[in-house]
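Note sheet for the following structure.
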Number of protein chains: 2
Amino acid sequence: MAKARSEMIAETRAKLVAAARHAFGTVGYANASMDDFTAGAGLTRGALYHHFGDKKGLLQAVIQQIDAEMTARLHKVSAKAPTRWQAFVDECVAYIEMAVEPEIQRILFRDGTAVLGDISQWPSTNGCIQALADALRQLQTDGEIGADIDIDVTARLINGASAHAALWIANSDDPQATSKRAVEGFRTLLERLKT
Amino acid sequence: MAKARSEMIAETRAKLVAAARHAFGTVGYANASMDDFTAGAGLTRGALYHHFGDKKGLLQAVIQQIDAEMTARLHKVSAKAPTRWQAFVDECVAYIEMAVEPEIQRILFRDGTAVLGDISQWPSTNGCIQALADALRQLQTDGEIGADIDIDVTARLINGASAHAALWIANSDDPQATSKRAVEGFRTLLERLKT
DNA sequence: ATGTCTTACATACACGACGTATGTAAGATG
DNA sequence: CATCTTACATACGTCGTGTATGTAAGACAT
């Protein structure tokens, strides 16, 4: 039953991450009491400190989970597109749309950056930027975008623009309308990357 | 001596803002103890709560001060440029360079967003976006950039891209080199806005 | 099979920080 | 000159984090 044991452990970790993710995503990192949400998961802070070291460690685990999910979603979107260019644009738009979701917005773009600094700097996090960079690289080798474009820089700039656009959208009076405007404006800018 | 009195009050406010700004800029908002930095200014938390309501209010005051300074600096930069286009590009580059400064980065882009949400949504804050939008509007009426470009959206996207670029630069191993790359990549993208 | 050792948590405690309620002295106002 | 308001300081309660300690159960060696 060694397996059952490790399964139990993995389960507790998952429960803690899930509980923290919910708390962070709703009330925010600073306002989330570890006592509260661990109790909600039927555990105590002891388990938390044992597995994740401290509150920041837990946030990191939550972010890794979210980032993995987002990356998977981006890959799915680009896989469905008929052309490479379409795949790239769809990825960007999908990224913005994901970034508008309250949980992602709050945890990744607000608390994540504040508590842990630049997300794109952590090892094995933000596969999203990687996904964008990969798409751009493909387009460049295909000759669809200018050879003068610095892929990594551009990927980050696009990522930043998307994140901020998402912030703007989510906090605007009419998110629907703002989203439309933002995505439209974004498309026109992306068009200009073409050769 | 009514004037002397109001002057004293303004002075205390200024002292509190300055002390908070220094603390927030160095150790960060969450780690800045109000007892500590008010004592450093020769005051107590009582004055702080009286003038700013709470810690968030103080952060808001600090950010307003910083934003005003940044806006002034941007205007100065653009005023010095020979052409409208040059003025715009210089503003963008100057914005990135300012955003790399530790104090601005920490207070505006990390803690500001986390604690208060989207900065560009607050009334009379982020004159920087306004400055960018104004410059873009000028260029559009002059016919230097496409009529299909949505000014407000683009200003925000550029702002977001700059902010993220700054995060990237500041946290990179070699900020100097990264800054060069980022600014260069940024320039090439901006060039593509032209008609 | 049994004793030891390690792991996975729970419990208890100390410390610090925020917010609030209250106090007070000095200037403003009539 | 009396009252009222303003601009702070002081004192206190509460909460949240981190750490130190306790404990029960599984892993492992003999």
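Labeling convention for the structure tokens: chains A, B, ... as they appear, residues from 1 per chain, ligands from 1 in order of appearance.
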Both chains have the same sequence, so superpose chain B on chain A over all Cα atoms paired in order and return it as a PDB file with C-alpha atoms, in the first residue's frame.
```
ATOM      1  CA  MET B   1       0.165   0.036  -0.088  1.00  0.00           C
ATOM      2  CA  ALA B   2       3.024   2.371  -0.739  1.00  0.00           C
ATOM      3  CA  LYS B   3       1.035   3.668  -3.600  1.00  0.00           C
ATOM      4  CA  ALA B   4      -2.021   4.350  -1.530  1.00  0.00           C
ATOM      5  CA  ARG B   5       0.115   6.356   0.819  1.00  0.00           C
ATOM      6  CA  SER B   6       1.696   8.564  -1.832  1.00  0.00           C
ATOM      7  CA  GLU B   7      -1.706   8.964  -3.339  1.00  0.00           C
ATOM      8  CA  MET B   8      -3.047  10.288  -0.082  1.00  0.00           C
ATOM      9  CA  ILE B   9      -0.201  12.745   0.081  1.00  0.00           C
ATOM     10  CA  ALA B  10      -0.765  13.925  -3.448  1.00  0.00           C
ATOM     11  CA  GLU B  11      -4.398  14.302  -2.607  1.00  0.00           C
ATOM     12  CA  THR B  12      -3.716  16.519   0.389  1.00  0.00           C
ATOM     13  CA  ARG B  13      -1.420  18.647  -1.684  1.00  0.00           C
ATOM     14  CA  ALA B  14      -4.069  18.942  -4.347  1.00  0.00           C
ATOM     15  CA  LYS B  15      -6.693  19.812  -1.775  1.00  0.00           C
ATOM     16  CA  LEU B  16      -4.506  22.527  -0.315  1.00  0.00           C
ATOM     17  CA  VAL B  17      -3.711  23.977  -3.713  1.00  0.00           C
ATOM     18  CA  ALA B  18      -7.361  23.921  -4.694  1.00  0.00           C
ATOM     19  CA  ALA B  19      -8.470  25.581  -1.473  1.00  0.00           C
ATOM     20  CA  ALA B  20      -5.763  28.218  -1.739  1.00  0.00           C
ATOM     21  CA  ARG B  21      -6.542  28.812  -5.378  1.00  0.00           C
ATOM     22  CA  HIS B  22     -10.153  29.460  -4.589  1.00  0.00           C
ATOM     23  CA  ALA B  23      -9.335  31.763  -1.692  1.00  0.00           C
ATOM     24  CA  PHE B  24      -6.640  33.666  -3.568  1.00  0.00           C
ATOM     25  CA  GLY B  25      -8.866  33.978  -6.602  1.00  0.00           C
ATOM     26  CA  THR B  26     -11.791  35.401  -4.720  1.00  0.00           C
ATOM     27  CA  VAL B  27     -10.581  37.494  -1.776  1.00  0.00           C
ATOM     28  CA  GLY B  28      -6.988  37.892  -2.939  1.00  0.00           C
ATOM     29  CA  TYR B  29      -3.698  36.692  -1.556  1.00  0.00           C
ATOM     30  CA  ALA B  30      -3.354  39.212   1.255  1.00  0.00           C
ATOM     31  CA  ASN B  31      -6.879  38.737   2.546  1.00  0.00           C
ATOM     32  CA  ALA B  32      -6.833  34.967   2.394  1.00  0.00           C
ATOM     33  CA  SER B  33      -6.389  33.555   5.869  1.00  0.00           C
ATOM     34  CA  MET B  34      -4.466  30.314   5.884  1.00  0.00           C
ATOM     35  CA  ASP B  35      -6.419  29.109   8.889  1.00  0.00           C
ATOM     36  CA  ASP B  36      -9.661  29.678   7.047  1.00  0.00           C
ATOM     37  CA  PHE B  37      -9.101  27.952   3.765  1.00  0.00           C
ATOM     38  CA  THR B  38      -7.089  25.070   5.177  1.00  0.00           C
ATOM     39  CA  ALA B  39      -9.980  24.403   7.530  1.00  0.00           C
ATOM     40  CA  GLY B  40     -12.262  24.489   4.531  1.00  0.00           C
ATOM     41  CA  ALA B  41     -10.204  21.660   3.070  1.00  0.00           C
ATOM     42  CA  GLY B  42     -10.432  19.720   6.319  1.00  0.00           C
ATOM     43  CA  LEU B  43      -6.803  20.412   7.223  1.00  0.00           C
ATOM     44  CA  THR B  44      -4.745  22.852   9.243  1.00  0.00           C
ATOM     45  CA  ARG B  45      -1.911  25.231   8.558  1.00  0.00           C
ATOM     46  CA  GLY B  46       0.486  22.526   9.697  1.00  0.00           C
ATOM     47  CA  ALA B  47       0.011  20.558   6.499  1.00  0.00           C
ATOM     48  CA  LEU B  48       0.487  23.701   4.515  1.00  0.00           C
ATOM     49  CA  TYR B  49       3.786  24.645   6.058  1.00  0.00           C
ATOM     50  CA  HIS B  50       4.970  21.082   5.753  1.00  0.00           C
ATOM     51  CA  HIS B  51       4.340  20.855   2.031  1.00  0.00           C
ATOM     52  CA  PHE B  52       4.880  24.400   0.810  1.00  0.00           C
ATOM     53  CA  GLY B  53       7.147  26.076   3.326  1.00  0.00           C
ATOM     54  CA  ASP B  54       5.142  29.279   3.591  1.00  0.00           C
ATOM     55  CA  LYS B  55       2.330  31.240   2.058  1.00  0.00           C
ATOM     56  CA  LYS B  56       4.449  32.339  -0.866  1.00  0.00           C
ATOM     57  CA  GLY B  57       5.343  28.746  -1.658  1.00  0.00           C
ATOM     58  CA  LEU B  58       1.708  27.889  -1.808  1.00  0.00           C
ATOM     59  CA  LEU B  59       1.007  30.793  -4.134  1.00  0.00           C
ATOM     60  CA  GLN B  60       3.790  29.533  -6.352  1.00  0.00           C
ATOM     61  CA  ALA B  61       2.221  26.079  -6.509  1.00  0.00           C
ATOM     62  CA  VAL B  62      -1.151  27.581  -7.349  1.00  0.00           C
ATOM     63  CA  ILE B  63       0.359  29.683 -10.105  1.00  0.00           C
ATOM     64  CA  GLN B  64       2.182  26.731 -11.601  1.00  0.00           C
ATOM     65  CA  GLN B  65      -1.088  24.860 -11.796  1.00  0.00           C
ATOM     66  CA  ILE B  66      -2.863  27.765 -13.439  1.00  0.00           C
ATOM     67  CA  ASP B  67      -0.047  28.386 -15.863  1.00  0.00           C
ATOM     68  CA  ALA B  68      -0.029  24.751 -16.910  1.00  0.00           C
ATOM     69  CA  GLU B  69      -3.743  24.881 -17.581  1.00  0.00           C
ATOM     70  CA  MET B  70      -3.431  28.088 -19.556  1.00  0.00           C
ATOM     71  CA  THR B  71      -0.603  26.723 -21.637  1.00  0.00           C
ATOM     72  CA  ALA B  72      -2.636  23.646 -22.437  1.00  0.00           C
ATOM     73  CA  ARG B  73      -5.574  25.781 -23.480  1.00  0.00           C
ATOM     74  CA  LEU B  74      -3.370  27.901 -25.718  1.00  0.00           C
ATOM     75  CA  HIS B  75      -1.959  24.823 -27.413  1.00  0.00           C
ATOM     76  CA  LYS B  76      -5.436  23.536 -28.008  1.00  0.00           C
ATOM     77  CA  VAL B  77      -6.507  26.812 -29.597  1.00  0.00           C
ATOM     78  CA  SER B  78      -3.535  27.029 -31.903  1.00  0.00           C
ATOM     79  CA  ALA B  79      -3.886  23.380 -32.906  1.00  0.00           C
ATOM     80  CA  LYS B  80      -7.377  24.061 -34.166  1.00  0.00           C
ATOM     81  CA  ALA B  81      -6.416  26.959 -36.437  1.00  0.00           C
ATOM     82  CA  PRO B  82      -6.136  26.402 -40.206  1.00  0.00           C
ATOM     83  CA  THR B  83      -2.971  28.490 -40.736  1.00  0.00           C
ATOM     84  CA  ARG B  84       0.069  29.339 -38.676  1.00  0.00           C
ATOM     85  CA  TRP B  85      -0.808  33.002 -38.713  1.00  0.00           C
ATOM     86  CA  GLN B  86      -4.333  32.313 -37.663  1.00  0.00           C
ATOM     87  CA  ALA B  87      -3.014  30.087 -34.910  1.00  0.00           C
ATOM     88  CA  PHE B  88      -0.845  32.882 -33.615  1.00  0.00           C
ATOM     89  CA  VAL B  89      -3.587  35.485 -33.649  1.00  0.00           C
ATOM     90  CA  ASP B  90      -6.003  33.079 -32.035  1.00  0.00           C
ATOM     91  CA  GLU B  91      -3.498  32.390 -29.309  1.00  0.00           C
ATOM     92  CA  CYS B  92      -3.146  36.061 -28.561  1.00  0.00           C
ATOM     93  CA  VAL B  93      -6.865  36.606 -28.452  1.00  0.00           C
ATOM     94  CA  ALA B  94      -7.354  33.507 -26.337  1.00  0.00           C
ATOM     95  CA  TYR B  95      -4.691  34.753 -23.979  1.00  0.00           C
ATOM     96  CA  ILE B  96      -6.518  38.030 -23.510  1.00  0.00           C
ATOM     97  CA  GLU B  97      -9.783  36.250 -22.971  1.00  0.00           C
ATOM     98  CA  MET B  98      -8.253  33.977 -20.375  1.00  0.00           C
ATOM     99  CA  ALA B  99      -6.595  36.910 -18.683  1.00  0.00           C
ATOM    100  CA  VAL B 100      -9.977  38.489 -18.171  1.00  0.00           C
ATOM    101  CA  GLU B 101     -11.187  35.621 -16.029  1.00  0.00           C
ATOM    102  CA  PRO B 102     -11.267  36.898 -12.453  1.00  0.00           C
ATOM    103  CA  GLU B 103      -9.270  34.065 -10.956  1.00  0.00           C
ATOM    104  CA  ILE B 104      -6.450  34.264 -13.466  1.00  0.00           C
ATOM    105  CA  GLN B 105      -6.407  38.000 -13.337  1.00  0.00           C
ATOM    106  CA  ARG B 106      -6.294  38.246  -9.598  1.00  0.00           C
ATOM    107  CA  ILE B 107      -3.801  35.463  -8.946  1.00  0.00           C
ATOM    108  CA  LEU B 108      -1.456  35.801 -11.880  1.00  0.00           C
ATOM    109  CA  PHE B 109      -1.459  39.462 -12.748  1.00  0.00           C
ATOM    110  CA  ARG B 110      -2.182  41.146  -9.475  1.00  0.00           C
ATOM    111  CA  ASP B 111      -0.977  39.113  -6.536  1.00  0.00           C
ATOM    112  CA  GLY B 112       1.486  36.927  -8.396  1.00  0.00           C
ATOM    113  CA  THR B 113       3.542  39.790  -9.668  1.00  0.00           C
ATOM    114  CA  ALA B 114       3.332  41.693  -6.410  1.00  0.00           C
ATOM    115  CA  VAL B 115       4.422  38.828  -4.204  1.00  0.00           C
ATOM    116  CA  LEU B 116       6.830  36.949  -6.428  1.00  0.00           C
ATOM    117  CA  GLY B 117       8.041  39.548  -8.907  1.00  0.00           C
ATOM    118  CA  ASP B 118       8.257  39.036 -12.635  1.00  0.00           C
ATOM    119  CA  ILE B 119       6.444  35.799 -13.390  1.00  0.00           C
ATOM    120  CA  SER B 120       8.285  35.235 -16.634  1.00  0.00           C
ATOM    121  CA  GLN B 121      11.519  34.940 -14.702  1.00  0.00           C
ATOM    122  CA  TRP B 122      10.600  31.877 -12.655  1.00  0.00           C
ATOM    123  CA  PRO B 123      11.849  28.548 -13.863  1.00  0.00           C
ATOM    124  CA  SER B 124       9.241  26.466 -15.629  1.00  0.00           C
ATOM    125  CA  THR B 125       6.516  29.040 -15.218  1.00  0.00           C
ATOM    126  CA  ASN B 126       4.767  31.041 -17.824  1.00  0.00           C
ATOM    127  CA  GLY B 127       4.756  28.511 -20.555  1.00  0.00           C
ATOM    128  CA  CYS B 128       2.434  31.039 -22.133  1.00  0.00           C
ATOM    129  CA  ILE B 129       5.282  33.277 -23.209  1.00  0.00           C
ATOM    130  CA  GLN B 130       7.046  30.234 -24.542  1.00  0.00           C
ATOM    131  CA  ALA B 131       3.971  29.292 -26.511  1.00  0.00           C
ATOM    132  CA  LEU B 132       3.782  32.769 -28.008  1.00  0.00           C
ATOM    133  CA  ALA B 133       7.477  32.779 -28.798  1.00  0.00           C
ATOM    134  CA  ASP B 134       7.240  29.374 -30.448  1.00  0.00           C
ATOM    135  CA  ALA B 135       4.392  30.518 -32.631  1.00  0.00           C
ATOM    136  CA  LEU B 136       6.291  33.663 -33.600  1.00  0.00           C
ATOM    137  CA  ARG B 137       9.414  31.670 -34.405  1.00  0.00           C
ATOM    138  CA  GLN B 138       7.456  29.417 -36.712  1.00  0.00           C
ATOM    139  CA  LEU B 139       6.014  32.413 -38.519  1.00  0.00           C
ATOM    140  CA  GLN B 140       9.423  33.952 -38.910  1.00  0.00           C
ATOM    141  CA  THR B 141      10.990  30.854 -40.431  1.00  0.00           C
ATOM    142  CA  ASP B 142       7.996  30.664 -42.732  1.00  0.00           C
ATOM    143  CA  GLY B 143       8.730  34.227 -43.744  1.00  0.00           C
ATOM    144  CA  GLU B 144       5.363  35.500 -42.647  1.00  0.00           C
ATOM    145  CA  ILE B 145       6.745  38.105 -40.308  1.00  0.00           C
ATOM    146  CA  GLY B 146       9.776  40.313 -40.698  1.00  0.00           C
ATOM    147  CA  ALA B 147      13.237  38.903 -40.070  1.00  0.00           C
ATOM    148  CA  ASP B 148      14.067  42.085 -38.180  1.00  0.00           C
ATOM    149  CA  ILE B 149      11.738  41.152 -35.334  1.00  0.00           C
ATOM    150  CA  ASP B 150      13.264  39.982 -32.091  1.00  0.00           C
ATOM    151  CA  ILE B 151      11.137  36.995 -31.179  1.00  0.00           C
ATOM    152  CA  ASP B 152      11.691  36.874 -27.435  1.00  0.00           C
ATOM    153  CA  VAL B 153      11.242  40.580 -26.981  1.00  0.00           C
ATOM    154  CA  THR B 154       8.116  40.635 -29.092  1.00  0.00           C
ATOM    155  CA  ALA B 155       6.632  37.681 -27.269  1.00  0.00           C
ATOM    156  CA  ARG B 156       7.101  39.462 -23.989  1.00  0.00           C
ATOM    157  CA  LEU B 157       5.742  42.733 -25.289  1.00  0.00           C
ATOM    158  CA  ILE B 158       2.680  41.009 -26.628  1.00  0.00           C
ATOM    159  CA  ASN B 159       2.290  39.178 -23.374  1.00  0.00           C
ATOM    160  CA  GLY B 160       2.519  42.426 -21.454  1.00  0.00           C
ATOM    161  CA  ALA B 161       0.119  44.210 -23.720  1.00  0.00           C
ATOM    162  CA  SER B 162      -2.357  41.364 -23.371  1.00  0.00           C
ATOM    163  CA  ALA B 163      -2.109  41.284 -19.624  1.00  0.00           C
ATOM    164  CA  HIS B 164      -2.693  45.002 -19.360  1.00  0.00           C
ATOM    165  CA  ALA B 165      -5.495  44.878 -21.835  1.00  0.00           C
ATOM    166  CA  ALA B 166      -7.090  42.226 -19.704  1.00  0.00           C
ATOM    167  CA  LEU B 167      -6.767  44.417 -16.634  1.00  0.00           C
ATOM    168  CA  TRP B 168      -8.395  47.225 -18.505  1.00  0.00           C
ATOM    169  CA  ILE B 169     -11.203  45.056 -19.816  1.00  0.00           C
ATOM    170  CA  ALA B 170     -11.987  43.422 -16.508  1.00  0.00           C
ATOM    171  CA  ASN B 171     -12.136  46.729 -14.657  1.00  0.00           C
ATOM    172  CA  SER B 172     -14.075  48.662 -17.246  1.00  0.00           C
ATOM    173  CA  ASP B 173     -17.725  49.539 -16.945  1.00  0.00           C
ATOM    174  CA  ASP B 174     -18.724  47.427 -19.925  1.00  0.00           C
ATOM    175  CA  PRO B 175     -16.289  44.504 -20.178  1.00  0.00           C
ATOM    176  CA  GLN B 176     -18.026  43.087 -23.235  1.00  0.00           C
ATOM    177  CA  ALA B 177     -17.647  46.244 -25.271  1.00  0.00           C
ATOM    178  CA  THR B 178     -14.171  46.982 -24.028  1.00  0.00           C
ATOM    179  CA  SER B 179     -13.085  43.464 -24.849  1.00  0.00           C
ATOM    180  CA  LYS B 180     -14.296  43.890 -28.400  1.00  0.00           C
ATOM    181  CA  ARG B 181     -12.422  47.148 -28.798  1.00  0.00           C
ATOM    182  CA  ALA B 182      -9.263  45.775 -27.241  1.00  0.00           C
ATOM    183  CA  VAL B 183      -9.232  42.620 -29.318  1.00  0.00           C
ATOM    184  CA  GLU B 184      -9.953  44.575 -32.471  1.00  0.00           C
ATOM    185  CA  GLY B 185      -7.165  47.045 -31.774  1.00  0.00           C
ATOM    186  CA  PHE B 186      -4.899  44.184 -30.959  1.00  0.00           C
ATOM    187  CA  ARG B 187      -5.618  42.491 -34.248  1.00  0.00           C
ATOM    188  CA  THR B 188      -4.767  45.570 -36.244  1.00  0.00           C
ATOM    189  CA  LEU B 189      -1.468  45.839 -34.435  1.00  0.00           C
ATOM    190  CA  LEU B 190      -0.657  42.199 -35.023  1.00  0.00           C
ATOM    191  CA  GLU B 191      -1.431  42.574 -38.714  1.00  0.00           C
ATOM    192  CA  ARG B 192       1.405  45.044 -38.879  1.00  0.00           C
ATOM    193  CA  LEU B 193       3.889  42.399 -37.895  1.00  0.00           C
ATOM    194  CA  LYS B 194       3.425  40.769 -41.259  1.00  0.00           C
ATOM    195  CA  THR B 195       6.023  41.283 -43.940  1.00  0.00           C
TER     196      THR B 195
END
```
Exercise. So which residues of chain A fall under helix (DSSP H, G or I) by DSSP, listed as number ranges by chain?
Worked result: A: 2-27, 34-40, 45-52, 55-80, 84-100, 102-116, 119-121, 127-141, 151-171, 175-191
Problem set entry | Nearby residues (only C-alpha atoms (C1' of nucleotides)) at most 12 Å from DT22 (chain C), same-chain spacing under 3 positions excluded, as an MDAnalysis selection string | (chainID B and resid 46) or (chainID D and resid 9:12)
If you take only C-alpha atoms (C1' of nucleotides) and a cut-off of 10 Å, which residues of chain C touch region 21-29 of chain D, and what are their nearest atom pairs and distances in Å to one decimal, in chain and number order, as a Markdown table?
```
| residue | atom | partner | partner_atom | distance |
| --- | --- | --- | --- | --- |
| C:DG3 | C1' | D:DA29 | C1' | 9.6 |
| C:DT4 | C1' | D:DA29 | C1' | 8.8 |
| C:DC5 | C1' | D:DC28 | C1' | 8.2 |
| C:DT6 | C1' | D:DA27 | C1' | 7.7 |
| C:DT7 | C1' | D:DG26 | C1' | 8.0 |
| C:DA8 | C1' | D:DA25 | C1' | 8.8 |
| C:DC9 | C1' | D:DT23 | C1' | 9.0 |
| C:DA10 | C1' | D:DT23 | C1' | 8.2 |
| C:DT11 | C1' | D:DG22 | C1' | 7.4 |
| C:DA12 | C1' | D:DT21 | C1' | 8.0 |
| C:DC13 | C1' | D:DT21 | C1' | 9.8 |
```
